[in-house]
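Taking it in order: structure first as structure tokens, then the write-up.
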Amino acid sequence: MRMVDLIHKKRQGHSFTTDELRYIIQGYTCGDIPDYQMAAWLMAVYFQGMTDEEIADLTTVMVESGDTIDLSGIRGIKVDKHSTGGVGDKISLIVAPLVATVGVPVAKMSGRGLGHTGGTIDKLEAIEGFQAELSNEQFIEHVNTYKMAIAGQTGNLAPADKKLYALRDVTATVDSMPLIASSIMSKKIASGADCIVLDVKMGAGAFMKSLADARRLANTMVKIGQRLNRKTIAIISDMNQPLGCEVGNANEVKEAIEVLRGNGPEDLQVISLTIAAHMTVLGGIYKTFADALHNLTTILQSGSAFHTFRQFIQAQGGNPDLADNPERLPQAANHIDITAWKTGYIQQIDAEAVGTAAMMAGAGRQKKGDAIDPAAGITLLKKSGDPVAKGERMAVIHTNKKTAEEALQRLQDAYVITEQPPQIQPYIHEIVC
Ligand code: URA
């Protein structure tokens, strides 16, 4: 087989056999296939798509590209959660300690920022000392002792995805349904959970812009999970505007802590509680979704999930004082206001533009291997539906860069102000199971 022929085959819109996909994924993982050929292949997949059969095969060969984690050493039903990527998406930081508090063991492998979206590991690393690299033994021990652990995609777990993820990020091939489905499901299958709850984001700030595309991604991933004997549920949640009010890294940790202390924005509470309720039903803690939702709401408001979070941070080397005093997390030197140019209502805040502006301010990577600035980010003071008066502050950019002209322009353009209040989108559109 020759990679050039396989690139040509997909460019012409044909389907691959399992052996061809294995050749591509194994060849790229071991370095025989160079980045430039893989980038061309990714772009061909981006434009031509893949059949359900190809996506399932691609997922399986990506799992086979490395080790799988045996979580049988962890007591209880292991339930994992994964988001397809959003802006201001700090849901994992809330859900993991919440479900761990009621006894569901959470062994979570998380990723770094991708494109305009943030990553849980980048956010956690805003906490001084936090260690996302755990050996398999440490990972299992932490989950047994503290009921939760969140680790980066270390070692040899789905190494094909690790390389592909970084290449897609810099070749404009992230928002492709087959590539997202195989990326997420290969990691989830390799990391050994018994059940999986997927948060498929839909809207302007998500990789899937329409409900039809989000539904197709959700259905594809649920089918892959079921085929591989993992109980899988997907929720389709709204990402037309960023989640919560903070976009970045340290500032998102701070906002997640507010929610864990029983406060914080309503969208974060509703989506976190919904995902946590599904996870705890799958984990056998509650019999019905309604029962789970009721109990978890009380627990979230009591602040007890915050104590689980604090313990988890300390166990993974993070400074627990920063959880107690999140205002001491890294702060940027410069704060630039965006003000309203007219009086009216916020009709829309383009989440992708906000994510890109945050990246330009230093919160994300422009190219593979870039360092991120944990203090950089954006605070949204106004969200969709809010009234605003001319000259009023709508958002603030936090940056350590000397100039932030480009980020400022992006953020300004993200806001649409109209005379009439807009129709508000539901936080959750559908459940797919
Ligand atoms: N999250 C992933 O893990 N992979 C993707 O491709 C997109 C979001």
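By convention here, the chains of the structure tokens are called A, B, ... in the order presented, each chain's residues are numbered starting at 1, and ligands are numbered starting at 1 in the order presented.
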
Determine, counting only C-alpha atoms, which protein, DNA and RNA residues have an atom within 7 Å of an atom of segment 360-368 of chain A; residues of the same chain fewer than 3 positions away are not included. Present the result as a compact mmCIF listing (two decimals) with N, CA and C atoms, in the first residue's frame.
# COMPACT_ATOMS: atom_id res chain seq x y z
N GLY A 113 -6.65 22.23 24.96
CA GLY A 113 -7.44 23.06 24.05
C GLY A 113 -7.24 22.63 22.60
N ALA A 166 -3.27 16.98 17.55
CA ALA A 166 -2.38 18.14 17.42
C ALA A 166 -2.28 18.57 15.95
N VAL A 170 -3.93 22.33 13.74
CA VAL A 170 -3.21 23.35 12.97
C VAL A 170 -3.41 23.17 11.46
N GLY A 248 -11.32 31.02 29.27
CA GLY A 248 -9.87 31.09 29.47
C GLY A 248 -9.43 29.87 30.22
N ASN A 249 -8.59 30.06 31.23
CA ASN A 249 -8.12 28.91 32.00
C ASN A 249 -8.30 29.17 33.49
N THR A 356 -11.85 32.43 19.84
CA THR A 356 -10.69 32.88 19.06
C THR A 356 -10.06 34.12 19.71
N ALA A 357 -10.91 35.03 20.20
CA ALA A 357 -10.38 36.24 20.87
C ALA A 357 -9.60 35.84 22.13
N ALA A 371 2.97 27.60 24.07
CA ALA A 371 2.62 27.62 25.50
C ALA A 371 1.38 28.48 25.65
N ILE A 372 0.56 28.19 26.65
CA ILE A 372 -0.60 29.06 26.87
C ILE A 372 -0.38 29.87 28.15
N ASP A 373 -1.06 30.98 28.24
CA ASP A 373 -0.97 31.84 29.41
C ASP A 373 -2.21 31.58 30.28
N PRO A 374 -2.02 30.96 31.46
CA PRO A 374 -3.18 30.60 32.27
C PRO A 374 -4.00 31.80 32.74
N ALA A 376 -4.63 34.52 30.95
CA ALA A 376 -5.34 35.21 29.86
C ALA A 376 -6.76 34.68 29.71
N GLY A 377 -7.64 35.53 29.25
CA GLY A 377 -9.01 35.07 29.02
C GLY A 377 -9.97 36.22 28.87
N THR A 399 -5.25 40.04 29.59
CA THR A 399 -4.08 39.61 28.81
C THR A 399 -2.78 40.13 29.40
N LYS A 401 -0.36 40.39 27.14
CA LYS A 401 0.27 40.93 25.93
C LYS A 401 0.20 42.45 25.97
N ALA A 404 -3.69 44.16 22.27
CA ALA A 404 -4.69 43.11 22.06
C ALA A 404 -5.70 43.60 21.03
N ALA A 407 -7.67 40.79 19.21
CA ALA A 407 -8.62 40.12 20.12
C ALA A 407 -9.79 41.04 20.40

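Environment of ligand 1, defined as every protein or nucleic acid residue with an atom within 8 Å of it and counting only C-alpha atoms and all ligand atoms, comprises A:His82, A:Ser83, A:Thr84, A:Gly85, A:Ser110, A:Gly111, A:Leu114, A:Tyr165, A:Val174, A:Asp175, A:Ser176, A:Leu179, A:Ile180, A:Ala181, A:Ser182, A:Ser183, A:Ile184, A:Lys187, A:Phe207.
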
Determine which residues of segment 131-174 of chain A receive a DSSP assignment of alpha helix (DSSP H), computed from the backbone, and state them as a PyMOL selection string. chain A and resi 136-146+159-169

Output N, CA and C atoms for every residue in that selection, as a PDB file, in the first residue's frame.
ATOM      1  N   ASN A 136      -0.548   4.605  35.191  1.00  0.00           N
ATOM      2  CA  ASN A 136      -1.804   3.853  35.303  1.00  0.00           C
ATOM      3  C   ASN A 136      -2.069   3.440  36.752  1.00  0.00           C
ATOM      4  N   GLU A 137      -0.995   3.048  37.442  1.00  0.00           N
ATOM      5  CA  GLU A 137      -1.146   2.599  38.845  1.00  0.00           C
ATOM      6  C   GLU A 137      -1.604   3.770  39.722  1.00  0.00           C
ATOM      7  N   GLN A 138      -0.960   4.936  39.522  1.00  0.00           N
ATOM      8  CA  GLN A 138      -1.348   6.111  40.325  1.00  0.00           C
ATOM      9  C   GLN A 138      -2.801   6.500  40.040  1.00  0.00           C
ATOM     10  N   PHE A 139      -3.145   6.442  38.761  1.00  0.00           N
ATOM     11  CA  PHE A 139      -4.493   6.821  38.319  1.00  0.00           C
ATOM     12  C   PHE A 139      -5.536   5.958  39.064  1.00  0.00           C
ATOM     13  N   ILE A 140      -5.310   4.649  39.066  1.00  0.00           N
ATOM     14  CA  ILE A 140      -6.255   3.723  39.708  1.00  0.00           C
ATOM     15  C   ILE A 140      -6.277   3.955  41.218  1.00  0.00           C
ATOM     16  N   GLU A 141      -5.089   4.145  41.778  1.00  0.00           N
ATOM     17  CA  GLU A 141      -5.005   4.362  43.236  1.00  0.00           C
ATOM     18  C   GLU A 141      -5.749   5.644  43.639  1.00  0.00           C
ATOM     19  N   HIS A 142      -5.577   6.706  42.841  1.00  0.00           N
ATOM     20  CA  HIS A 142      -6.266   7.964  43.156  1.00  0.00           C
ATOM     21  C   HIS A 142      -7.783   7.787  43.103  1.00  0.00           C
ATOM     22  N   VAL A 143      -8.260   7.065  42.084  1.00  0.00           N
ATOM     23  CA  VAL A 143      -9.718   6.895  41.971  1.00  0.00           C
ATOM     24  C   VAL A 143     -10.231   6.071  43.154  1.00  0.00           C
ATOM     25  N   ASN A 144      -9.487   5.036  43.540  1.00  0.00           N
ATOM     26  CA  ASN A 144      -9.942   4.232  44.689  1.00  0.00           C
ATOM     27  C   ASN A 144      -9.913   5.033  45.987  1.00  0.00           C
ATOM     28  N   THR A 145      -8.930   5.916  46.119  1.00  0.00           N
ATOM     29  CA  THR A 145      -8.806   6.670  47.377  1.00  0.00           C
ATOM     30  C   THR A 145      -9.712   7.903  47.401  1.00  0.00           C
ATOM     31  N   TYR A 146      -9.718   8.665  46.298  1.00  0.00           N
ATOM     32  CA  TYR A 146     -10.431   9.961  46.318  1.00  0.00           C
ATOM     33  C   TYR A 146     -11.699   9.948  45.480  1.00  0.00           C
ATOM     34  N   PRO A 159      -2.351   6.609  21.086  1.00  0.00           N
ATOM     35  CA  PRO A 159      -1.325   7.565  20.633  1.00  0.00           C
ATOM     36  C   PRO A 159      -1.639   8.148  19.256  1.00  0.00           C
ATOM     37  N   ALA A 160      -2.383   7.380  18.438  1.00  0.00           N
ATOM     38  CA  ALA A 160      -2.743   7.893  17.114  1.00  0.00           C
ATOM     39  C   ALA A 160      -3.579   9.153  17.274  1.00  0.00           C
ATOM     40  N   ASP A 161      -4.516   9.122  18.237  1.00  0.00           N
ATOM     41  CA  ASP A 161      -5.364  10.297  18.435  1.00  0.00           C
ATOM     42  C   ASP A 161      -4.543  11.476  18.928  1.00  0.00           C
ATOM     43  N   LYS A 162      -3.590  11.181  19.820  1.00  0.00           N
ATOM     44  CA  LYS A 162      -2.780  12.265  20.385  1.00  0.00           C
ATOM     45  C   LYS A 162      -2.060  13.021  19.261  1.00  0.00           C
ATOM     46  N   LYS A 163      -1.451  12.262  18.324  1.00  0.00           N
ATOM     47  CA  LYS A 163      -0.731  12.910  17.207  1.00  0.00           C
ATOM     48  C   LYS A 163      -1.715  13.600  16.251  1.00  0.00           C
ATOM     49  N   LEU A 164      -2.811  12.907  15.982  1.00  0.00           N
ATOM     50  CA  LEU A 164      -3.787  13.460  15.032  1.00  0.00           C
ATOM     51  C   LEU A 164      -4.445  14.727  15.563  1.00  0.00           C
ATOM     52  N   TYR A 165      -4.732  14.713  16.863  1.00  0.00           N
ATOM     53  CA  TYR A 165      -5.404  15.828  17.526  1.00  0.00           C
ATOM     54  C   TYR A 165      -4.581  17.105  17.324  1.00  0.00           C
ATOM     55  N   ALA A 166      -3.269  16.976  17.552  1.00  0.00           N
ATOM     56  CA  ALA A 166      -2.384  18.145  17.422  1.00  0.00           C
ATOM     57  C   ALA A 166      -2.278  18.569  15.954  1.00  0.00           C
ATOM     58  N   LEU A 167      -2.243  17.597  15.033  1.00  0.00           N
ATOM     59  CA  LEU A 167      -2.130  17.939  13.607  1.00  0.00           C
ATOM     60  C   LEU A 167      -3.429  18.583  13.101  1.00  0.00           C
ATOM     61  N   ARG A 168      -4.573  18.043  13.525  1.00  0.00           N
ATOM     62  CA  ARG A 168      -5.859  18.610  13.092  1.00  0.00           C
ATOM     63  C   ARG A 168      -6.002  20.053  13.561  1.00  0.00           C
ATOM     64  N   ASP A 169      -5.492  20.303  14.772  1.00  0.00           N
ATOM     65  CA  ASP A 169      -5.619  21.636  15.363  1.00  0.00           C
ATOM     66  C   ASP A 169      -4.974  22.711  14.491  1.00  0.00           C
TER      67      ASP A 169
END

Within 7 Å of segment 32-52 of chain A: each segment 142-221 of chain A residue with its shortest pair, only C-alpha atoms, as a Markdown table:
| residue | atom | partner | partner_atom | distance |
| --- | --- | --- | --- | --- |
| A:Thr171 | CA | A:Ala39 | CA | 6.7 |
| A:Thr173 | CA | A:Met43 | CA | 6.3 |
| A:Ser176 | CA | A:Tyr46 | CA | 5.5 |
| A:Pro178 | CA | A:Met50 | CA | 6.2 |

Need the shell around segment 103-108 of chain A: protein/DNA/RNA residues with any atom at most 10 Å away, counting only C-alpha atoms. Skip same-chain ones fewer than 6 positions apart. Format as a ChimeraX atom specification? /A:71,74-82,92,95-97,139-140,142-153,188,191-193,276,279-285

Take the residues from that selection and put them in a file with C-alpha atoms, as a PDB file, in the first residue's frame.
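Wrote selection.pdb, looks like this:
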ATOM      1  CA  LEU A  71      -9.781  -0.273  35.280  1.00  0.00           C
ATOM      2  CA  ILE A  74     -11.350   0.250  40.612  1.00  0.00           C
ATOM      3  CA  ARG A  75     -14.375  -0.720  42.687  1.00  0.00           C
ATOM      4  CA  GLY A  76     -17.788   0.148  41.250  1.00  0.00           C
ATOM      5  CA  ILE A  77     -19.182   1.003  37.829  1.00  0.00           C
ATOM      6  CA  LYS A  78     -16.812   3.422  36.097  1.00  0.00           C
ATOM      7  CA  VAL A  79     -18.646   6.163  34.246  1.00  0.00           C
ATOM      8  CA  ASP A  80     -16.823   8.592  31.993  1.00  0.00           C
ATOM      9  CA  LYS A  81     -17.941  11.881  30.467  1.00  0.00           C
ATOM     10  CA  HIS A  82     -16.646  13.708  27.417  1.00  0.00           C
ATOM     11  CA  SER A  92     -15.957  18.399  33.667  1.00  0.00           C
ATOM     12  CA  VAL A  95     -19.440  17.110  37.125  1.00  0.00           C
ATOM     13  CA  ALA A  96     -16.473  14.923  38.107  1.00  0.00           C
ATOM     14  CA  PRO A  97     -16.391  16.003  41.797  1.00  0.00           C
ATOM     15  CA  PHE A 139      -4.493   6.821  38.319  1.00  0.00           C
ATOM     16  CA  ILE A 140      -6.255   3.723  39.708  1.00  0.00           C
ATOM     17  CA  HIS A 142      -6.266   7.964  43.156  1.00  0.00           C
ATOM     18  CA  VAL A 143      -9.718   6.895  41.971  1.00  0.00           C
ATOM     19  CA  ASN A 144      -9.942   4.232  44.689  1.00  0.00           C
ATOM     20  CA  THR A 145      -8.806   6.670  47.377  1.00  0.00           C
ATOM     21  CA  TYR A 146     -10.431   9.961  46.318  1.00  0.00           C
ATOM     22  CA  LYS A 147     -13.182   8.638  43.999  1.00  0.00           C
ATOM     23  CA  MET A 148     -11.804  10.723  41.155  1.00  0.00           C
ATOM     24  CA  ALA A 149      -8.733  11.450  39.056  1.00  0.00           C
ATOM     25  CA  ILE A 150      -8.303  13.542  35.913  1.00  0.00           C
ATOM     26  CA  ALA A 151      -5.248  12.820  33.817  1.00  0.00           C
ATOM     27  CA  GLY A 152      -3.913  13.973  30.483  1.00  0.00           C
ATOM     28  CA  GLN A 153      -3.698  11.553  27.618  1.00  0.00           C
ATOM     29  CA  LYS A 188     -13.058   6.639  25.827  1.00  0.00           C
ATOM     30  CA  SER A 191      -9.434   4.425  28.875  1.00  0.00           C
ATOM     31  CA  GLY A 192     -11.591   1.599  30.099  1.00  0.00           C
ATOM     32  CA  ALA A 193     -14.844   3.114  31.416  1.00  0.00           C
ATOM     33  CA  ALA A 276     -24.218  14.189  36.446  1.00  0.00           C
ATOM     34  CA  MET A 279     -23.835   9.428  35.030  1.00  0.00           C
ATOM     35  CA  THR A 280     -25.164   8.501  38.460  1.00  0.00           C
ATOM     36  CA  VAL A 281     -28.077   6.526  36.996  1.00  0.00           C
ATOM     37  CA  LEU A 282     -25.635   4.625  34.736  1.00  0.00           C
ATOM     38  CA  GLY A 283     -23.383   4.192  37.767  1.00  0.00           C
ATOM     39  CA  GLY A 284     -26.215   2.513  39.668  1.00  0.00           C
ATOM     40  CA  ILE A 285     -26.475   5.131  42.440  1.00  0.00           C
TER      41      ILE A 285
END

Give me, as a ChimeraX atom specification, all polymer residues having an atom no more than 12 Å from Glu258 of chain A, counting only C-alpha atoms and skipping those fewer than 3 positions away in the same chain. /A:90,93-94,244-246,251-255,261-266,268-269,300-301,303,305-306,309,323-327

When you look at Asp413 of chain A with a cut-off of 12 Å (counting only C-alpha atoms), what residues show up, excluding the ones that are within fewer than 2 positions of it in the same chain? I need them as a short mmCIF file (atom, residue, chain, number, x, y, z; two decimals) with N, CA and C atoms, in the first residue's frame.
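Wrote it out as result_39.cif, contents follow:
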data_model
loop_
_atom_site.label_atom_id
_atom_site.label_comp_id
_atom_site.auth_asym_id
_atom_site.auth_seq_id
_atom_site.Cartn_x
_atom_site.Cartn_y
_atom_site.Cartn_z
N ILE A 338 -14.75 46.01 26.65
CA ILE A 338 -15.52 46.16 25.41
C ILE A 338 -16.83 46.81 25.84
N THR A 339 -17.19 47.92 25.23
CA THR A 339 -18.41 48.61 25.63
C THR A 339 -19.46 48.58 24.51
N ALA A 340 -20.71 48.78 24.91
CA ALA A 340 -21.81 48.72 23.92
C ALA A 340 -21.80 49.99 23.07
N TRP A 341 -21.96 49.82 21.77
CA TRP A 341 -21.96 50.97 20.86
C TRP A 341 -23.36 51.54 20.68
N GLN A 348 -26.98 38.13 20.35
CA GLN A 348 -26.13 36.96 20.13
C GLN A 348 -24.70 37.27 20.54
N ILE A 349 -23.99 36.25 21.02
CA ILE A 349 -22.53 36.40 21.23
C ILE A 349 -21.90 35.20 20.53
N ASP A 350 -21.27 35.43 19.42
CA ASP A 350 -20.69 34.34 18.63
C ASP A 350 -19.59 33.65 19.45
N ALA A 351 -19.91 32.44 19.91
CA ALA A 351 -18.99 31.76 20.82
C ALA A 351 -17.65 31.44 20.16
N GLU A 352 -17.68 31.12 18.88
CA GLU A 352 -16.40 30.81 18.22
C GLU A 352 -15.50 32.04 18.20
N ALA A 353 -16.11 33.21 17.93
CA ALA A 353 -15.32 34.44 17.90
C ALA A 353 -14.77 34.74 19.30
N VAL A 354 -15.56 34.45 20.34
CA VAL A 354 -15.07 34.68 21.72
C VAL A 354 -13.89 33.75 22.00
N THR A 356 -11.85 32.43 19.84
CA THR A 356 -10.69 32.88 19.06
C THR A 356 -10.06 34.12 19.71
N ALA A 357 -10.91 35.03 20.20
CA ALA A 357 -10.38 36.24 20.87
C ALA A 357 -9.60 35.84 22.13
N ALA A 395 -17.91 43.19 28.12
CA ALA A 395 -16.93 42.12 28.35
C ALA A 395 -15.58 42.72 28.67
N GLU A 406 -6.27 42.82 17.90
CA GLU A 406 -6.97 41.81 17.12
C GLU A 406 -8.05 41.11 17.96
N ALA A 407 -7.67 40.79 19.21
CA ALA A 407 -8.62 40.12 20.12
C ALA A 407 -9.79 41.04 20.40
N LEU A 408 -9.48 42.32 20.58
CA LEU A 408 -10.51 43.32 20.87
C LEU A 408 -11.52 43.41 19.73
N GLN A 409 -11.00 43.45 18.50
CA GLN A 409 -11.87 43.53 17.33
C GLN A 409 -12.76 42.29 17.22
N ARG A 410 -12.14 41.11 17.42
CA ARG A 410 -12.88 39.84 17.35
C ARG A 410 -14.03 39.82 18.36
N LEU A 411 -13.70 40.27 19.58
CA LEU A 411 -14.70 40.20 20.65
C LEU A 411 -15.82 41.21 20.40
N TYR A 415 -20.35 40.35 19.43
CA TYR A 415 -21.62 40.82 20.02
C TYR A 415 -22.56 41.39 18.96
N VAL A 416 -23.83 40.97 19.00
CA VAL A 416 -24.85 41.58 18.13
C VAL A 416 -25.89 42.21 19.06
N ILE A 417 -26.13 43.52 18.88
CA ILE A 417 -27.12 44.23 19.72
C ILE A 417 -28.32 44.61 18.86
#

Go through A:Glu54, A:Leu293, A:Lys342, A:Leu322 and flag the residue nearest His14 of chain A, using only C-alpha atoms for the distances.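 When distances to His14 of chain A are compared using only C-alpha atoms, the smallest one comes from A:Glu54.
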
Enumerate the residues of segment 80-239 of chain A with a DSSP assignment of strand (DSSP E), computed from the backbone, and present them as a PyMOL selection string. chain A and resi 80-83+106-110+148-152+195-202+231-238

One decimal, in Å: what's the spacing between atom CA of Ala234 of chain A and atom CA of Ala132 of chain A? 25.9 Å

I'd like the contact shell of Glu128 of chain A - 9 Å cut-off, only C-alpha atoms, skipping same-chain residues fewer than 5 positions apart - returned as a ChimeraX atom specification. /A:317-319,322,329-330

Dump of N, CA and C atoms for the selected residues, as a JSON list (two decimals), in the first residue's frame:
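Just written: out_8.json:
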[["chain", "number", "residue", "atom", "x", "y", "z"],
["A", 317, "GLY", "N", -1.25, 17.13, 43.44],
["A", 317, "GLY", "CA", -0.12, 18.05, 43.58],
["A", 317, "GLY", "C", -0.47, 19.53, 43.53],
["A", 318, "GLY", "N", -1.74, 19.85, 43.30],
["A", 318, "GLY", "CA", -2.14, 21.26, 43.20],
["A", 318, "GLY", "C", -2.21, 21.92, 44.57],
["A", 319, "ASN", "N", -2.02, 23.22, 44.58],
["A", 319, "ASN", "CA", -2.05, 23.97, 45.83],
["A", 319, "ASN", "C", -3.52, 24.15, 46.27],
["A", 322, "LEU", "N", -5.36, 27.55, 46.61],
["A", 322, "LEU", "CA", -5.89, 28.24, 45.44],
["A", 322, "LEU", "C", -7.35, 27.86, 45.19],
["A", 329, "LEU", "N", -5.47, 32.77, 41.96],
["A", 329, "LEU", "CA", -5.03, 32.10, 40.73],
["A", 329, "LEU", "C", -4.39, 33.15, 39.82],
["A", 330, "PRO", "N", -3.59, 32.72, 38.83],
["A", 330, "PRO", "CA", -2.89, 33.72, 37.99],
["A", 330, "PRO", "C", -3.84, 34.79, 37.43]]

Applying 10 Å and only C-alpha atoms, which residues near Phe16 of chain A remain after dropping the ones on its own chain fewer than 6 positions away? List them as a ChimeraX atom specification. /A:6,9-10,22,50-51,53-55,57-58

Tell me which of A:Lys223, A:Arg11, A:Lys402, A:Arg230 sits closest to Ala190 of chain A, counting only C-alpha atoms.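 Between A:Lys223, A:Arg11, A:Lys402, A:Arg230, the residue approaching Ala190 of chain A most closely is A:Arg230.
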